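Below is one structure, written out as structure tokens; comments come after it.
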Amino acid sequence: MLDVRGQSDGFLVRRVLEGDTAAYAGLVNRYRDRLARYATRMLGNAADAEEALQDAFVRGYRYLARCSDPERFGAWLFGILVNRCRTLGSQRARRQRHIVHDESAMARASVSHSEGGADLMEAIEHAVAQLQPAQREAFLLKYVEEMSYEEMTRLTGTRISALKMRVSRARQELRRLLEGVDGV
Amino acid sequence: MSDSDNGLKQVIDLLKQPVSLDSSFDEKVMEQVESVPPPRAWARSLWTAANWMRRGRTLTVSPLQGLALAAGVVAALFVGRMWVKPDSAVSPGPTAAVAEAALVHFVIVAPGAGSVSLVGDFNDWAALETPMHRVEGNGVWSVSIPLTTGRYRYAFLVDGTTWLSDPSAPPALDDEFGRPGSVLTVGEL
Amino acid sequence: MMARMRSALALLGLATALNVTLAPSGSAQEPRLESRVPEPTRSEINAILDSAGAAGLPTEPLVDRALEGVAKGADPDRILAAVRRLSGELRLAYDALGPRSSAAEIISGASAIRAGARSEDLAYLRELRADQPLTVAAATLADLVAVGVPADTAIAAVIALAEEADDAHYVAFRRNVERDIALGASPVAALGVRLEATAADVFRSAGQSPDSRPRPRKP
């Protein structure tokens with residue numbers, strides 16, 4: 001069994017391309033958590049996030065030969081995940097499962113507790129879910145994934161000016177949605 | 001949220017909290033991966049060398065109709081060459097990347113013409129670069145040129161003065177220069 | 001030996017990909033314009049090339065368009081306007097299709113924009129053909145419009161086939177529609193009939209039973 005610790009992405013990618021399928025497990029393990037966070041924040045629920053993530057990893061394997069810079073496998077796979085989240089997000093847009101958005105739930109979110117526990121997180125998740133998908137994507141990439149605008153434009157194919165606009169609108173919108181929520 | 005960036009920072013910090021996946025996730029992915037055809041190393045070279053697709057040798061040329069059905073197809077036209085810097089694993093040596101092009105056959109019927117040229121995106125719109133050859137006795141002019149994947153605008157120039165579009169191809173939609181033209185799309189090779 | 005060749009090929013590939021997709025290919029002075037385009041038009045075109053190159057757009061079609069104008073004897077203003085307009089369309093196509101699209105795809109996408117497709121249409125086409133090339137698909141859209149099919153109808157047809165059709169399907173589809181129109185059919189009628197037939201072909205070759213296949217969206 002290959003010990004993947006300390007092996008570069010490029011090494012593992014080459015192993016997979018040479019026929020060692022098991023080496024891919026090392027890459028899955030290396031990137032699953034960071035990617036899971038993005039997918040969960042973007043899609044708003046764990047089940048969809050896991051589906052998008054699985055799909056991204058399988059596509060990443062299938063089209064691994066197209067990863068032109070194996071040392072940056074993680075960035076390449078992230079691009080695939082962003083696309084999968086867009087597709088899945090648009091398919092699920094109307095279902096809105098897990099996300100509560102009736103009036104009473106809103107009221108509950110607004111009277112959350114000051115200790116900043118689960119209720120606060122729920123209110124934040126709810127607010128993030130209310131953002132338009134393109135704004136949510138830009139906001140998460142910028143602040144949660146801490147990407148530069150140059151990286152974001154490479155990843156999303158959207159121009160920097162448009163990305164800045166989306167991030168700014170997301171901030172305004174979050175400010176509006178979370179106004180009055182304790183602990184923020 | 002407060003007016004300051006503190007509120008935002010707090011939101012971001014919470015969103016940055018790690019998300020834990022079910023411990024069986026890796027296994028599930030690898031199970032699916034096992035059922036997918038393995039990626040091939042050679043494909044990476046071809047893919048990155050020319051950004052071309054994986055579809056083996058499928059060749060699609062548009063337009064491909066009328067007289068142009070006589071189009072011939074050949075492979076392996078350009079040979080790139082580079083030297084690799086020496087390192088511990090790789091010694092210097094020349095290598096060649098072979099990409100493919102479709103040999104596309106252009107045909108126009110112009111019985112009264114003294115000369116006909118093929119002029120387009122593929123030859124920098126140089127009038128004399130690609131003269132067409134008269135097929136004896138029937139007023140048909142033809143020429144074949146290799147083209148890689150892409151979309152090309154072109155026209156026929158008769159006797160150095162008259163522009164003709166290709167009747168077997170879609171017209172150029174964006175004819176901004178007051179002369180006819182056609183377009184041709186070569187699919188992934 | 002094979003490993004060495006592979007590494008070398010990968011390096012060459014990377015260099016090629018960088019040249020094609022990242023490096024601003026618009027130079028301060030495009031040599032092919034020098035003897036053929038007079039000043040001040042040449043400088044203005046070079047400036048457009050610089051800015052397009054810096055934005056990651058393919059600049060070759062812009063040079064080609066200028067040279068086409070020169071070859072066809074167009075006046076400088078007209079050439080400049082054509083280059084500028086194409087640059088805008090390439091930018092829209094690039095934004096819609098994403099930076100990982102090939103130059104051929106972006107050029108084809110720009111043709112689709114010219115034909116009346118909107119950015120959202122191209123983005124949707126990219127999404128549906130995330131793992132397949134879309135040079136021919138987008139070109140088909142433009143070519144159908146060029147032979148008289150209304151833009152919205154052409155867009156709907158190309159999108160209806162997008163997930164499963166390969167390039168050969170699109171080419172056959174366009175050719176059949178053109179032939180029907182040449183024989184006197186109305187563009188919309190020809191397109192409707194041929195779309196049904198092509199969809200049947202596509203789903204047959206994708207190994208789906210006729211019952212399970214989605215019906216093409218009626219244009």
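Residues are referred to by chain and number: the chain letter is A, B, ... according to the order shown in the structure tokens, the number counts from 1 in that chain, and ligands are numbered separately from 1 in the order shown.
If we count only C-alpha atoms, these residues of chain A sit within 10 Å of chain C: A:Arg59, A:Tyr63, A:Ser68, A:Asp69, A:Gly79, A:Ile80, A:Asn83, A:Arg84, A:Arg86, A:Thr87, A:Thr153, A:Arg154, A:Leu155, A:Thr156, A:Gly157, A:Thr158, A:Arg159, A:Ala162.
Between chain C and the candidates B:Gly137, B:Trp125, B:Pro131, B:Asp159, the tightest atom-to-atom separation, counting only C-alpha atoms, involves B:Trp125.
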Write out as a Markdown table a residue-level contact list of chain A versus chain B with cut-off 8 Å: for each qualifying residue the closest pair of atoms and the distance in Å to one decimal, counting only C-alpha atoms, rows sorted by chain and residue number upward.
```
| residue | atom | partner | partner_atom | distance |
| --- | --- | --- | --- | --- |
| A:Arg14 | CA | B:Ala41 | CA | 7.6 |
| A:Val16 | CA | B:Pro39 | CA | 7.7 |
| A:Leu17 | CA | B:Ala41 | CA | 4.7 |
| A:Glu18 | CA | B:Ala41 | CA | 6.1 |
| A:Gly19 | CA | B:Pro38 | CA | 7.0 |
| A:Thr21 | CA | B:Glu34 | CA | 7.5 |
| A:Ala22 | CA | B:Met30 | CA | 8.0 |
| A:Tyr24 | CA | B:Met30 | CA | 7.9 |
| A:Ala25 | CA | B:Met30 | CA | 6.6 |
| A:Val28 | CA | B:Asp26 | CA | 6.5 |
| A:Asn29 | CA | B:Asp26 | CA | 6.7 |
| A:Arg32 | CA | B:Leu21 | CA | 8.0 |
| A:Asp33 | CA | B:Val19 | CA | 6.6 |
| A:Arg34 | CA | B:Pro18 | CA | 7.6 |
| A:Ala36 | CA | B:Val19 | CA | 6.3 |
| A:Arg37 | CA | B:Val19 | CA | 5.1 |
| A:Thr40 | CA | B:Val19 | CA | 7.6 |
| A:Arg41 | CA | B:Leu15 | CA | 7.2 |
| A:Glu50 | CA | B:Leu21 | CA | 7.8 |
| A:Gln54 | CA | B:Val29 | CA | 5.8 |
| A:Phe57 | CA | B:Val29 | CA | 7.0 |
| A:Val58 | CA | B:Val33 | CA | 5.7 |
| A:Tyr61 | CA | B:Pro39 | CA | 6.9 |
| A:Arg62 | CA | B:Pro39 | CA | 5.7 |
| A:Tyr63 | CA | B:Pro39 | CA | 6.4 |
| A:Leu64 | CA | B:Pro39 | CA | 6.1 |
| A:Ala65 | CA | B:Arg44 | CA | 4.1 |
| A:Arg66 | CA | B:Arg44 | CA | 5.5 |
| A:Cys67 | CA | B:Arg44 | CA | 7.3 |
| A:Ser68 | CA | B:Thr48 | CA | 5.7 |
| A:Met121 | CA | B:Leu14 | CA | 7.0 |
| A:Ile124 | CA | B:Val11 | CA | 6.8 |
| A:Tyr143 | CA | B:Ile12 | CA | 6.6 |
| A:Val144 | CA | B:Lys16 | CA | 5.5 |
| A:Glu145 | CA | B:Lys16 | CA | 7.9 |
| A:Arg171 | CA | B:Leu8 | CA | 7.8 |
| A:Leu174 | CA | B:Met1 | CA | 7.8 |
| A:Arg175 | CA | B:Met1 | CA | 5.1 |
| A:Arg176 | CA | B:Met1 | CA | 7.3 |
| A:Leu177 | CA | B:Met1 | CA | 8.0 |
| A:Leu178 | CA | B:Met1 | CA | 5.0 |
| A:Glu179 | CA | B:Met1 | CA | 4.5 |
| A:Gly180 | CA | B:Met1 | CA | 6.4 |
| A:Val181 | CA | B:Met1 | CA | 6.7 |
| A:Val184 | CA | B:Gly7 | CA | 5.0 |
```
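If only C-alpha atoms are the atoms counted, then among B:Val140, B:Gly112, B:Ile145, B:Asp124 the closest residue to chain C is B:Asp124.
If you count only C-alpha atoms and ignore residues fewer than 6 places along the chain from Leu49 (chain C), what sits within 12 Å of it is C:Pro24, C:Ser25, C:Gly26, C:Ser27, C:Ala28, C:Gln29, C:Glu30, C:Leu33, C:Arg42, C:Ser43, C:Ala55, C:Gly56, C:Leu57, C:Pro58, C:Thr59, C:Glu60, C:Pro61, C:Leu62, C:Val63, C:Asp64, C:Arg65, C:Ala66, C:Leu80, C:Val83, C:Arg84, C:Leu86, C:Ser87, C:Gly88, C:Leu90.
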Suppose we keep C-alpha atoms; can you now write the selection as a PDB file, in the first residue's frame?
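Generated file (result18.pdb):
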```
ATOM      1  CA  PRO C  24      -1.311  37.903 -23.368  1.00  0.00           C
ATOM      2  CA  SER C  25      -0.745  37.117 -26.998  1.00  0.00           C
ATOM      3  CA  GLY C  26      -1.545  40.614 -28.198  1.00  0.00           C
ATOM      4  CA  SER C  27       1.792  42.232 -28.822  1.00  0.00           C
ATOM      5  CA  ALA C  28       2.539  45.903 -28.906  1.00  0.00           C
ATOM      6  CA  GLN C  29       3.102  45.558 -32.635  1.00  0.00           C
ATOM      7  CA  GLU C  30       1.453  42.699 -34.465  1.00  0.00           C
ATOM      8  CA  LEU C  33      -0.469  44.236 -39.600  1.00  0.00           C
ATOM      9  CA  ARG C  42      -2.814  49.944 -36.919  1.00  0.00           C
ATOM     10  CA  SER C  43      -2.039  51.438 -33.522  1.00  0.00           C
ATOM     11  CA  ALA C  55      -7.957  39.757 -20.631  1.00  0.00           C
ATOM     12  CA  GLY C  56      -7.089  36.232 -21.757  1.00  0.00           C
ATOM     13  CA  LEU C  57      -9.033  36.413 -25.017  1.00  0.00           C
ATOM     14  CA  PRO C  58      -7.705  34.775 -28.161  1.00  0.00           C
ATOM     15  CA  THR C  59      -6.280  37.559 -30.330  1.00  0.00           C
ATOM     16  CA  GLU C  60      -5.789  35.586 -33.517  1.00  0.00           C
ATOM     17  CA  PRO C  61      -9.365  36.105 -34.722  1.00  0.00           C
ATOM     18  CA  LEU C  62      -8.951  39.858 -34.228  1.00  0.00           C
ATOM     19  CA  VAL C  63      -5.845  39.909 -36.409  1.00  0.00           C
ATOM     20  CA  ASP C  64      -7.653  37.741 -38.941  1.00  0.00           C
ATOM     21  CA  ARG C  65     -10.604  40.097 -39.011  1.00  0.00           C
ATOM     22  CA  ALA C  66      -8.380  43.088 -39.638  1.00  0.00           C
ATOM     23  CA  LEU C  80     -11.560  49.117 -36.789  1.00  0.00           C
ATOM     24  CA  VAL C  83     -12.285  44.363 -34.863  1.00  0.00           C
ATOM     25  CA  ARG C  84     -13.753  46.240 -31.930  1.00  0.00           C
ATOM     26  CA  LEU C  86     -15.520  41.085 -32.509  1.00  0.00           C
ATOM     27  CA  SER C  87     -13.406  41.828 -29.458  1.00  0.00           C
ATOM     28  CA  GLY C  88     -16.590  42.579 -27.491  1.00  0.00           C
ATOM     29  CA  LEU C  90     -15.084  37.322 -27.756  1.00  0.00           C
TER      30      LEU C  90
END
```
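The spacing separating CA of Arg114 (chain C) from CA of Thr162 (chain B) amounts to 26.2 Å.
For the set C:Val177, C:Ile155, C:Ala165, C:Leu141, the residue with the smallest atom-to-atom gap to Arg194 (chain C) is C:Val177, counting only C-alpha atoms.
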| Pick from B:Ser142, B:Asp121, B:Pro180, B:Asp166, whichever lies nearest to chain C using only C-alpha atoms |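 Going through B:Ser142, B:Asp121, B:Pro180, B:Asp166 one by one, the smallest distance to chain C is for B:Asp121.
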| Between C:Ala104, C:Ala162, C:Leu134, C:Ala154, which one has atoms that come closest to chain B, using only C-alpha atoms? | C:Ala104
Excluding Pro76 (chain C) and residues on its chain fewer than 2 positions from it, collect all residues at most 10 Å away from it, counting only C-alpha atoms, and give them as a CSV table (one decimal) with C-alpha atoms, in the first residue's frame.
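This is the output file around_22.csv:
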```csv
chain,number,residue,atom,x,y,z
C,37,VAL,CA,-2.8,48.3,-42.2
C,38,PRO,CA,-2.0,52.0,-42.3
C,39,GLU,CA,-1.6,54.2,-39.2
C,40,PRO,CA,-3.4,55.3,-37.1
C,41,THR,CA,-5.7,52.3,-37.6
C,42,ARG,CA,-2.8,49.9,-36.9
C,66,ALA,CA,-8.4,43.1,-39.6
C,69,GLY,CA,-10.9,43.8,-44.0
C,70,VAL,CA,-7.7,44.8,-45.7
C,73,GLY,CA,-10.6,46.6,-49.5
C,74,ALA,CA,-12.7,48.0,-46.6
C,78,ARG,CA,-14.9,49.9,-41.0
C,79,ILE,CA,-12.0,47.6,-40.2
C,80,LEU,CA,-11.6,49.1,-36.8
C,81,ALA,CA,-15.3,48.9,-36.0
C,82,ALA,CA,-15.3,45.2,-37.0
```
| From the set C:Ser35, C:Ile159, C:Ala168, C:Glu44, which residue has the shortest atom-to-atom contact distance to chain B, counting only C-alpha atoms? |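 Nearest to chain B: C:Ala168.
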| task | Excluding region 126-130 of chain B and any residue of its chain fewer than 4 positions from it, enumerate the residues within 7 Å of it, using only C-alpha atoms, and give them as a list in words. | result | Ser117, Leu118 and Val119 of chain B
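Reported to one decimal place, the separation of CA of Arg179 (chain B) from CA of Thr140 (chain C) is 22.3 Å.
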